[in-house]
Structures are given as structure tokens and as C-alpha cells.
$ cat entry-v7.cif   # mmCIF, C-alpha atoms
data_coords
#
loop_
_atom_site.label_atom_id
_atom_site.label_comp_id
_atom_site.auth_asym_id
_atom_site.auth_seq_id
_atom_site.Cartn_x
_atom_site.Cartn_y
_atom_site.Cartn_z
CA MET H 7 36.36 145.70 -148.72
CA SER H 8 38.95 143.27 -150.08
CA ALA H 9 40.66 144.25 -153.30
CA GLU H 10 39.83 140.76 -154.55
CA PHE H 11 36.09 141.23 -154.05
CA PRO H 12 33.87 140.31 -155.85
CA TYR H 13 36.04 137.64 -157.47
CA VAL H 14 36.62 135.64 -154.24
CA ARG H 15 33.27 134.50 -152.89
CA PRO H 16 33.52 131.49 -150.53
CA ARG H 17 29.72 131.35 -150.38
CA ARG H 18 29.69 129.88 -153.88
CA LEU H 19 30.75 126.57 -152.29
CA ARG H 20 27.94 126.73 -149.71
CA SER H 21 25.10 127.49 -152.09
CA THR H 22 23.27 124.14 -152.23
CA PRO H 23 23.22 120.83 -150.34
CA ALA H 24 24.83 119.15 -153.35
CA VAL H 25 27.70 121.65 -153.46
CA ARG H 26 28.24 121.45 -149.70
CA ARG H 27 28.32 117.66 -149.89
CA LEU H 28 30.80 117.76 -152.77
CA VAL H 29 33.33 119.94 -150.97
CA ALA H 30 32.91 118.60 -147.41
CA GLU H 31 36.32 118.18 -145.79
CA THR H 32 35.16 115.70 -143.14
CA ARG H 33 32.87 112.75 -143.72
CA LEU H 34 31.24 110.36 -141.31
CA HIS H 35 30.70 106.73 -142.25
CA PRO H 36 28.79 104.07 -140.30
CA ALA H 37 31.80 101.74 -140.42
CA GLU H 38 33.73 104.21 -138.25
CA LEU H 39 31.19 103.96 -135.41
CA ILE H 40 31.42 101.58 -132.44
CA LEU H 41 28.43 100.83 -130.20
CA PRO H 42 29.13 100.45 -126.46
CA ALA H 43 26.70 97.88 -125.02
CA PHE H 44 25.99 96.67 -121.48
CA VAL H 45 24.93 93.11 -120.64
CA ARG H 46 23.65 92.30 -117.16
CA GLU H 47 23.50 88.93 -115.49
CA ASP H 48 20.53 89.18 -113.12
CA ILE H 49 17.72 90.54 -115.32
CA THR H 50 15.16 88.86 -117.56
CA GLU H 51 14.35 91.83 -119.80
CA PRO H 52 16.27 94.92 -120.91
CA LYS H 53 16.45 97.61 -118.23
CA PRO H 54 16.41 101.29 -119.28
CA ILE H 55 19.23 103.47 -117.94
CA SER H 56 17.45 106.53 -116.55
CA SER H 57 20.28 108.99 -117.15
CA MET H 58 20.86 107.75 -120.72
CA PRO H 59 17.52 107.76 -122.57
CA GLY H 60 17.42 105.07 -125.23
CA VAL H 61 20.27 103.02 -123.70
CA PHE H 62 19.68 99.76 -121.84
CA GLN H 63 21.28 97.16 -119.65
CA HIS H 64 20.76 94.13 -121.89
CA THR H 65 19.95 90.53 -121.26
CA ARG H 66 22.00 88.07 -123.28
CA ASP H 67 19.08 87.67 -125.69
CA SER H 68 18.47 91.38 -126.17
CA LEU H 69 22.22 91.94 -126.62
CA ARG H 70 22.22 89.47 -129.51
CA LYS H 71 19.41 91.42 -131.12
CA ALA H 72 21.20 94.73 -130.56
CA ALA H 73 24.34 93.31 -132.18
CA VAL H 74 22.40 92.16 -135.23
CA GLU H 75 20.71 95.58 -135.46
CA ALA H 76 24.12 97.28 -135.35
CA ALA H 77 25.53 95.00 -138.02
CA GLU H 78 22.54 95.57 -140.29
CA ALA H 79 22.94 99.36 -139.87
CA GLY H 80 26.54 99.10 -141.06
CA VAL H 81 28.12 99.95 -137.69
CA GLY H 82 31.78 98.97 -137.53
CA GLY H 83 32.08 97.48 -134.06
CA ILE H 84 30.56 96.80 -130.67
CA MET H 85 32.26 97.26 -127.29
CA LEU H 86 30.89 94.95 -124.59
CA PHE H 87 30.67 95.68 -120.86
CA GLY H 88 29.64 92.92 -118.45
CA LEU H 89 27.61 93.49 -115.28
CA PRO H 90 27.89 90.50 -112.91
CA GLU H 91 25.43 89.57 -110.20
CA VAL H 92 28.21 88.99 -107.67
CA LYS H 93 31.22 91.25 -107.05
CA ASP H 94 34.26 90.82 -104.84
CA ALA H 95 37.49 92.60 -103.96
CA VAL H 96 39.50 91.20 -106.88
CA GLY H 97 36.78 91.10 -109.53
CA SER H 98 36.72 87.30 -109.81
CA GLU H 99 33.87 87.27 -112.34
CA GLY H 100 36.09 89.18 -114.74
CA THR H 101 38.27 86.09 -115.18
CA ASN H 102 35.56 83.46 -114.83
CA PRO H 103 35.34 81.70 -118.23
CA GLU H 104 31.58 81.48 -117.65
CA GLY H 105 31.27 85.06 -116.41
CA ILE H 106 28.68 87.32 -118.00
CA LEU H 107 31.16 89.21 -120.18
CA GLN H 108 32.73 86.05 -121.58
CA GLN H 109 29.29 84.60 -122.28
CA ALA H 110 28.29 87.82 -124.02
CA ILE H 111 31.41 87.73 -126.20
CA ARG H 112 30.61 84.19 -127.31
CA ASP H 113 26.97 85.12 -127.94
CA VAL H 114 27.76 88.13 -130.08
CA VAL H 115 30.54 86.45 -132.07
CA ALA H 116 28.22 83.52 -132.77
CA GLU H 117 25.43 85.89 -133.80
CA VAL H 118 27.24 88.34 -136.06
CA GLY H 119 30.55 86.64 -136.90
CA ASP H 120 32.78 89.04 -138.80
CA ARG H 121 30.01 91.51 -139.64
CA LEU H 122 31.03 93.47 -136.54
CA VAL H 123 34.38 93.87 -134.83
CA VAL H 124 33.62 92.48 -131.37
CA MET H 125 35.46 94.35 -128.63
CA SER H 126 35.45 93.91 -124.86
CA ASP H 127 36.17 96.23 -121.98
CA LEU H 128 39.21 94.91 -120.13
CA CYS H 129 38.90 96.45 -116.68
CA LEU H 130 37.93 95.37 -113.18
CA ASP H 131 35.65 98.22 -112.13
CA GLU H 132 32.41 96.45 -113.17
CA PHE H 133 33.46 93.36 -111.20
CA THR H 134 34.88 94.75 -107.94
CA ASP H 135 32.84 95.48 -104.84
CA HIS H 136 34.86 98.66 -104.26
CA GLY H 137 34.36 99.88 -107.84
CA HIS H 138 37.99 100.67 -108.61
CA CYS H 139 39.70 99.57 -111.80
CA GLY H 140 42.20 97.39 -109.98
CA VAL H 141 43.19 95.41 -106.92
CA LEU H 142 43.51 97.42 -103.72
CA ALA H 143 46.62 97.49 -101.55
CA GLY H 144 46.42 97.39 -97.76
CA ASP H 145 46.23 101.17 -97.53
CA GLY H 146 43.27 101.34 -99.91
CA SER H 147 45.24 102.57 -102.91
CA VAL H 148 45.09 100.78 -106.26
CA ASP H 149 48.02 98.36 -106.54
CA ASN H 150 49.30 98.87 -110.08
CA ASP H 151 51.36 95.68 -110.47
CA ALA H 152 48.90 93.37 -108.74
CA THR H 153 46.26 94.76 -111.08
CA LEU H 154 48.40 93.99 -114.12
CA ALA H 155 48.39 90.32 -113.20
CA ARG H 156 44.59 90.36 -113.15
CA TYR H 157 44.47 92.17 -116.50
CA ALA H 158 46.67 89.49 -118.06
CA GLU H 159 44.22 86.82 -116.90
CA MET H 160 41.25 88.81 -118.19
CA ALA H 161 42.85 89.26 -121.60
CA VAL H 162 43.38 85.54 -122.08
CA VAL H 163 39.86 84.62 -120.91
CA GLN H 164 38.30 87.19 -123.23
CA ALA H 165 40.44 86.01 -126.13
CA GLU H 166 39.43 82.42 -125.49
CA ALA H 167 35.80 83.54 -125.65
CA GLY H 168 36.48 84.78 -129.18
CA VAL H 169 36.85 88.55 -128.86
CA HIS H 170 38.53 90.38 -131.75
CA VAL H 171 39.83 93.41 -129.80
CA VAL H 172 40.41 93.98 -126.07
CA GLY H 173 40.11 97.48 -124.65
CA PRO H 174 42.18 97.97 -121.48
CA SER H 175 40.60 101.02 -119.83
CA GLY H 176 42.12 101.04 -116.35
CA MET H 177 45.07 103.40 -117.02
CA MET H 178 47.55 101.22 -115.12
CA ASP H 179 51.21 101.80 -115.94
CA GLY H 180 52.49 99.02 -118.21
CA GLN H 181 49.08 97.49 -118.91
CA ILE H 182 49.46 97.28 -122.69
CA GLY H 183 52.77 95.42 -122.55
CA VAL H 184 51.53 92.93 -119.96
CA ILE H 185 48.33 92.25 -121.90
CA ARG H 186 50.13 91.90 -125.23
CA ARG H 187 52.61 89.44 -123.73
CA ALA H 188 49.86 87.40 -122.07
CA LEU H 189 47.87 87.17 -125.30
CA ASP H 190 50.90 86.16 -127.35
CA GLU H 191 52.07 83.56 -124.86
CA ALA H 192 48.58 82.03 -124.84
CA GLY H 193 48.55 81.79 -128.63
CA HIS H 194 46.24 84.73 -129.27
CA GLN H 195 48.56 86.80 -131.44
CA GLY H 196 45.62 87.78 -133.65
CA VAL H 197 43.70 89.58 -130.91
CA ALA H 198 44.26 93.33 -131.16
CA VAL H 199 44.68 95.77 -128.27
CA LEU H 200 42.85 99.10 -128.24
CA ALA H 201 44.71 101.17 -125.65
CA TYR H 202 42.79 103.74 -123.65
CA THR H 203 45.84 105.94 -124.01
CA ALA H 204 44.47 109.22 -122.66
CA LYS H 205 41.57 108.53 -120.32
CA TYR H 206 40.81 111.56 -118.20
CA ALA H 207 39.34 111.77 -114.69
CA SER H 208 36.25 113.50 -116.05
CA ALA H 209 33.16 114.75 -114.23
CA LEU H 210 31.05 113.30 -117.06
CA TYR H 211 31.16 109.59 -116.18
CA GLY H 212 28.13 109.75 -113.87
CA PRO H 213 25.57 108.14 -116.21
CA PHE H 214 28.06 105.37 -117.05
CA ARG H 215 28.29 104.49 -113.37
CA GLU H 216 24.54 103.96 -113.35
CA ALA H 217 24.87 101.89 -116.53
CA VAL H 218 27.41 99.49 -114.98
CA ASN H 219 25.95 99.43 -111.44
CA SER H 220 29.19 100.93 -110.16
CA SER H 221 30.17 100.40 -106.53
CA LEU H 222 32.78 103.16 -106.62
CA GLN H 223 33.49 105.15 -103.48
CA GLY H 224 35.80 108.12 -103.96
CA ASP H 225 37.40 108.84 -107.33
CA ARG H 226 39.99 107.60 -109.82
CA LYS H 227 42.25 110.63 -109.91
CA THR H 228 45.37 108.65 -108.93
CA TYR H 229 45.30 106.65 -112.17
CA GLN H 230 43.18 108.51 -114.72
CA GLN H 231 44.71 111.62 -116.26
CA ASP H 232 44.33 115.12 -114.87
CA PRO H 233 42.02 117.18 -117.14
CA ALA H 234 44.56 120.02 -116.95
CA ASN H 235 47.22 118.04 -118.83
CA ALA H 236 47.57 117.61 -122.58
CA ARG H 237 51.30 116.97 -123.06
CA GLU H 238 51.04 114.01 -120.70
CA ALA H 239 48.78 112.30 -123.23
CA LEU H 240 51.63 112.24 -125.73
CA ARG H 241 53.86 110.55 -123.18
CA GLU H 242 51.17 107.93 -122.60
CA LEU H 243 50.91 107.51 -126.39
CA GLU H 244 54.63 106.90 -126.70
CA LEU H 245 54.54 104.27 -123.95
CA ASP H 246 51.47 102.47 -125.32
CA LEU H 247 52.98 102.28 -128.79
CA ALA H 248 56.24 100.91 -127.41
CA GLU H 249 54.28 98.26 -125.51
CA GLY H 250 52.42 97.07 -128.61
CA ALA H 251 49.12 98.94 -128.87
CA ASP H 252 47.32 98.31 -132.17
CA LEU H 253 44.92 101.24 -131.76
CA VAL H 254 44.81 104.11 -129.28
CA MET H 255 42.00 106.12 -127.74
CA VAL H 256 41.21 109.49 -126.20
CA LYS H 257 38.36 109.54 -123.65
CA PRO H 258 36.20 111.64 -123.24
CA ALA H 259 35.93 112.96 -126.77
CA MET H 260 34.09 116.28 -126.97
CA LEU H 261 35.81 118.06 -124.09
CA TYR H 262 39.24 116.85 -125.23
CA LEU H 263 39.27 117.61 -128.95
CA ASP H 264 42.57 119.44 -128.56
CA VAL H 265 44.17 116.35 -127.05
CA LEU H 266 42.60 114.18 -129.73
CA ARG H 267 44.11 116.38 -132.44
CA GLN H 268 47.58 116.15 -130.88
CA VAL H 269 47.35 112.38 -130.49
CA ALA H 270 46.09 111.96 -134.05
CA ASP H 271 48.93 114.07 -135.41
CA ALA H 272 51.52 111.98 -133.55
CA SER H 273 50.09 108.46 -133.83
CA PRO H 274 51.19 105.94 -136.49
CA VAL H 275 48.27 103.65 -135.53
CA PRO H 276 44.52 104.27 -135.78
CA VAL H 277 43.08 106.71 -133.26
CA SER H 278 39.69 106.27 -131.58
CA ALA H 279 37.66 108.53 -129.32
CA TYR H 280 34.88 107.70 -126.86
CA GLN H 281 31.87 110.00 -126.75
CA ILE H 282 31.05 109.21 -123.15
CA SER H 283 27.85 108.87 -121.19
CA GLY H 284 27.77 112.43 -119.86
CA GLU H 285 28.31 113.86 -123.33
CA TYR H 286 25.40 111.73 -124.57
CA ALA H 287 23.19 112.62 -121.61
CA MET H 288 23.71 116.38 -121.96
CA VAL H 289 22.61 116.35 -125.59
CA GLU H 290 19.59 114.15 -124.85
CA ALA H 291 18.54 116.36 -121.93
CA ALA H 292 18.85 119.59 -123.91
CA ALA H 293 16.97 118.06 -126.84
CA ALA H 294 14.20 116.78 -124.56
CA ASN H 295 13.72 120.35 -123.33
CA GLY H 296 13.49 121.66 -126.88
CA TRP H 297 16.65 123.74 -126.53
CA ILE H 298 18.55 122.14 -129.45
CA GLU H 299 17.78 120.16 -132.61
CA ARG H 300 18.53 116.61 -131.58
CA GLU H 301 19.50 114.89 -134.86
CA ARG H 302 21.54 117.84 -136.14
CA THR H 303 23.37 118.00 -132.82
CA ILE H 304 24.15 114.29 -132.84
CA LEU H 305 25.75 114.50 -136.26
CA GLU H 306 27.51 117.77 -135.44
CA THR H 307 29.12 116.30 -132.33
CA LEU H 308 30.26 113.22 -134.23
CA THR H 309 31.60 115.35 -137.07
CA SER H 310 33.60 117.45 -134.62
CA ILE H 311 35.20 114.32 -133.16
CA ARG H 312 35.99 113.00 -136.63
CA ARG H 313 37.34 116.39 -137.72
CA ALA H 314 39.67 116.48 -134.70
CA GLY H 315 41.28 113.24 -135.88
CA ALA H 316 39.33 110.25 -134.60
CA GLU H 317 39.14 107.42 -137.12
CA GLN H 318 36.76 105.41 -134.95
CA ILE H 319 34.16 106.81 -132.56
CA LEU H 320 32.55 104.94 -129.69
CA THR H 321 29.09 106.45 -129.33
CA TYR H 322 25.76 105.36 -127.87
CA TRP H 323 24.16 106.84 -130.99
CA ALA H 324 26.08 104.48 -133.28
CA VAL H 325 23.08 102.68 -134.74
CA GLU H 326 20.88 105.77 -135.01
CA ALA H 327 23.70 107.83 -136.52
CA ALA H 328 24.53 105.05 -138.99
CA ARG H 329 20.95 105.08 -140.22
CA MET H 330 21.03 108.87 -140.59
CA LEU H 331 24.17 108.60 -142.69
CA THR H 332 22.78 106.04 -145.16
#
$ encode --input "entry-v7.cif" --output "C-alpha cells"
Amino acid sequence: MSAEFPYVRPRRLRSTPAVRRLVAETRLHPAELILPAFVREDITEPKPISSMPGVFQHTRDSLRKAAVEAAEAGVGGIMLFGLPEVKDAVGSEGTNPEGILQQAIRDVVAEVGDRLVVMSDLCLDEFTDHGHCGVLAGDGSVDNDATLARYAEMAVVQAEAGVHVVGPSGMMDGQIGVIRRALDEAGHQGVAVLAYTAKYASALYGPFREAVNSSLQGDRKTYQQDPANAREALRELELDLAEGADLVMVKPAMLYLDVLRQVADASPVPVSAYQISGEYAMVEAAAANGWIERERTILETLTSIRRAGAEQILTYWAVEAARMLT
């Protein structure tokens, strides 16, 4: 027994809910949460995503309602993903001013104004018939530099639609610098760039691929990071900062808390984390089987991500969690 006992009793600060709340080292707030949302072109009513209970592919009308609901719950932002009816090899709908994503940006900005930070996914995978995040070279590999030219076009089109923040998620070398330059040259200096700085080639993206009607054949291991590597994330951070990133992200969140902590310790700009579809689906499945307490687990997972250093969290529970926190 410690010589200091019984004078040192840590349990004193755990004795009641009020005491625990008073001394909590990590706090969640609705304004730190970002809702990922999918809008689909060829449907007339919201379509449930079977692997993500409670998440839908939205129509433009139902997306407007979801955005208002998020704003009223105090959620900080919404990240939009567009699902076109027609795909091609270069993702033409991604740069069509009247494409589904650009229409959705205009809809949401018109509906909620500055009550939500409106963000958009800046990537080609939802728009290409091969499902990769870029343009393919003749040998079937992803052509980094040809893809950058497409990203520059996408950035400008999304900015012209009124987006507040673009989120380049393709993990192409040099993407942040090219996008920043394209936005500035087009007069959109006020549009911020959220860099997917450390996006790993995770096994947990499966439900997301259902959510975006992915056409992917094969994998993305040649451009997304190897799950074995942590130090590499800091190199990516250094490059993204040098190229002009306004915010940076680690994705996935829960399986990469160590990486998130390292990035947060090193970053001079805000750090986000994306609690991805597989992380969501595992909790929902376990809760549906009665193996875990659903609401407690939701808040515990979000707290762990916040504790590891994320200042913003993209989560499909954003609205529900916001309501639990208020």
C-alpha cells in the first residue's frame, strides 16, 4: 500500500456525475462535428444504405431537409458527396457546372447559408466508370499529373457553386498546391482547403462504396497510404502545409488514433478525423445484436477521436450525437 494512502484518493474526482463533468479533460461539442451526406441524381426518394443503418442516399429535396436538421442540432459542417447517373473514364460529371454535386452545393448553401460550413468532396471516384480517384494511364495505373488537372477544374466548379471548403481526398502527389493555385487564380481566395493528409488504404471502406455506388475494380493501394506506416503521415503533413492546406485530416479515425495524435502534435493548422463507414457499421451491427450499449459507444468513440487530437470529426452520427450533447 502506498505511503501516501489514504490521503491520495483519485476516486474522489469520480464520485458523482457533476464531479466527473467538472474535471473532464476532453469535451465534445456539436460545433466540432461534420455530417457526411450523399446526394444521388437518379432517385425520387431517399434510399437507405443497407450496410449503414440510418444513413441514406438523398434526393436534392431530402438533402436540404437533412442540412436544416444538422444546422438546427448545432452541427458544425456538412460534407457533400455527389452520385451521378452517368459515369465515364474521366469523371466528366465532376466538372459539369450542372452536375449533381454542384447542384447540391447550391441547394445547401441556399438553404442554410452560414449556419453550416458547407464542404464538398473533391475526388473523381464517384464520377468515374472505373471507380478510381483519378484519370487512368494507358497501362491502367492512375496518372497522377493528369488527375491534378481534373482536380483543378473540380475545385473551381465547386467554388463557383458556393462551397466554403473543398476536401481533396484522392491522395495524389501535389494535389493541395494545384487546387490552391486554381482557386486563387479563379478569384476564390476565400475557399478553404481541407487536405486528406493521411488517408489510409483501409479494409473498412466497404459500406462507403455501397453509399456512393462505387464502380471500383481492384484497390487503391498505389495512392492511399499503407496502414503499416505512421511516419509517412508526417511527411504528407509537411507537404500539404507547404502547398497551402488550411486544415488537415486523418482517415480512418478509430484505427489510426496514434497517427492522429502525431499529426495533431505537429500541425499548426486545425486537424480533422473521419470516422468512416466501416467504423460506423461495426458499432451499429454490434449494437443491433445487443452486444454493446449503442449511445454510450457512439459518444465513447467520438471522445476517443477528440482525445487523440481531432478538432473536427466527420461522423455519420453527427446529428444524433449533437442532440445527445445538448
$ closest_atom_pairs --input "entry-v7.cif" --of "segment 35-143 of chain H" --to "segment 225-235 of chain H" --cutoff "12 Å" --atoms "all atoms listed in the file" --output "tab-separated table"
residue	atom	partner	partner_atom	distance
H:Asp131	CA	H:Arg226	CA	10.6
H:His136	CA	H:Asp225	CA	10.9
H:Gly137	CA	H:Asp225	CA	9.5
H:His138	CA	H:Arg226	CA	7.3
H:Cys139	CA	H:Arg226	CA	8.3
H:Gly140	CA	H:Tyr229	CA	10.0
$ closest_residue --input "entry-v7.cif" --among "H:Gly224, H:Gly250, H:Gly82, H:Gly105" --to "Val197 of chain H" --atoms "all atoms listed in the file"
H:Gly250
$ closest_atom_pairs --input "entry-v7.cif" --of "segment 176-217 of chain H" --to "segment 146-160 of chain H" --cutoff "6 Å" --atoms "all atoms listed in the file" --output "Markdown table"
| residue | atom | partner | partner_atom | distance |
| --- | --- | --- | --- | --- |
| H:Met178 | CA | H:Asn150 | CA | 5.8 |
| H:Gln181 | CA | H:Leu154 | CA | 6.0 |
| H:Ile185 | CA | H:Ala158 | CA | 5.0 |
| H:Ala188 | CA | H:Ala158 | CA | 5.5 |
$ residues_around --input "entry-v7.cif" --residues "Glu290 of chain H" --least-positions-apart "4" --cutoff "9 Å" --atoms "only C-alpha atoms" --output "PyMOL selection string"
chain H and resi 58-59+285-286+294-295+300
$ closest_residue --input "entry-v7.cif" --among "H:Ala95, H:Val141, H:Val254, H:Ala248" --to "Val172 of chain H" --atoms "all atoms listed in the file"
H:Val254
$ closest_residue --input "entry-v7.cif" --among "H:Glu117, H:Asp264, H:Asp145, H:Glu216" --to "Ala204 of chain H" --atoms "only C-alpha atoms"
H:Asp264
$ atom_distance --input "entry-v7.cif" --atom1 "atom CA of Asp246 of chain H" --atom2 "atom CA of Leu41 of chain H"
23.6 Å
$ resolve_selection --input "entry-v7.cif" --expression "the PyMOL selection byres ((chain H and resi 313-318) around 9)" --output "ChimeraX atom specification"
/H:31-33,37-40,82,255-256,259,263-271,276-280,308-312,319-320
$ build_atoms --input "entry-v7.cif" --residues "segment 224-240 of chain H" --atoms "N, CA, C and O atoms" --output "compact mmCIF listing (two decimals), in the coordinates of the input"
# COMPACT_ATOMS: atom_id res chain seq x y z
N GLY H 224 34.63 107.29 -103.70
CA GLY H 224 35.80 108.12 -103.96
C GLY H 224 35.93 108.42 -105.44
O GLY H 224 34.94 108.57 -106.15
N ASP H 225 37.18 108.50 -105.93
CA ASP H 225 37.40 108.84 -107.33
C ASP H 225 38.59 108.06 -107.87
O ASP H 225 39.20 107.25 -107.18
N ARG H 226 38.92 108.34 -109.14
CA ARG H 226 39.99 107.60 -109.82
C ARG H 226 41.12 108.54 -110.24
O ARG H 226 41.83 108.26 -111.22
N LYS H 227 41.29 109.61 -109.51
CA LYS H 227 42.25 110.63 -109.91
C LYS H 227 43.70 110.17 -109.80
O LYS H 227 44.59 110.80 -110.40
N THR H 228 43.98 109.11 -109.04
CA THR H 228 45.37 108.65 -108.93
C THR H 228 45.82 107.81 -110.12
O THR H 228 47.00 107.53 -110.26
N TYR H 229 44.88 107.42 -110.99
CA TYR H 229 45.30 106.65 -112.17
C TYR H 229 44.76 107.20 -113.48
O TYR H 229 45.42 107.07 -114.51
N GLN H 230 43.60 107.83 -113.50
CA GLN H 230 43.18 108.51 -114.72
C GLN H 230 43.85 109.87 -114.82
O GLN H 230 44.27 110.45 -113.82
N GLN H 231 43.95 110.40 -116.05
CA GLN H 231 44.71 111.62 -116.26
C GLN H 231 43.99 112.87 -115.72
O GLN H 231 42.76 112.95 -115.73
N ASP H 232 44.81 113.82 -115.33
CA ASP H 232 44.33 115.12 -114.87
C ASP H 232 43.80 115.91 -116.07
O ASP H 232 44.52 116.08 -117.07
N PRO H 233 42.55 116.41 -116.01
CA PRO H 233 42.02 117.18 -117.14
C PRO H 233 42.86 118.40 -117.53
O PRO H 233 42.72 118.91 -118.64
N ALA H 234 43.73 118.86 -116.64
CA ALA H 234 44.56 120.02 -116.95
C ALA H 234 45.71 119.71 -117.89
O ALA H 234 46.33 120.63 -118.44
N ASN H 235 46.00 118.42 -118.12
CA ASN H 235 47.22 118.04 -118.83
C ASN H 235 46.95 117.51 -120.23
O ASN H 235 46.15 116.59 -120.40
N ALA H 236 47.63 118.09 -121.20
CA ALA H 236 47.57 117.61 -122.58
C ALA H 236 48.87 116.94 -123.00
O ALA H 236 48.86 115.87 -123.61
N ARG H 237 50.01 117.54 -122.68
CA ARG H 237 51.30 116.97 -123.06
C ARG H 237 51.49 115.57 -122.49
O ARG H 237 52.09 114.69 -123.14
N GLU H 238 50.95 115.33 -121.32
CA GLU H 238 51.04 114.01 -120.70
C GLU H 238 50.44 112.92 -121.58
O GLU H 238 50.90 111.78 -121.58
N ALA H 239 49.41 113.28 -122.34
CA ALA H 239 48.78 112.30 -123.23
C ALA H 239 49.76 111.79 -124.27
O ALA H 239 49.72 110.62 -124.67
N LEU H 240 50.64 112.66 -124.73
CA LEU H 240 51.63 112.24 -125.73
C LEU H 240 52.66 111.30 -125.12
O LEU H 240 53.18 110.40 -125.81
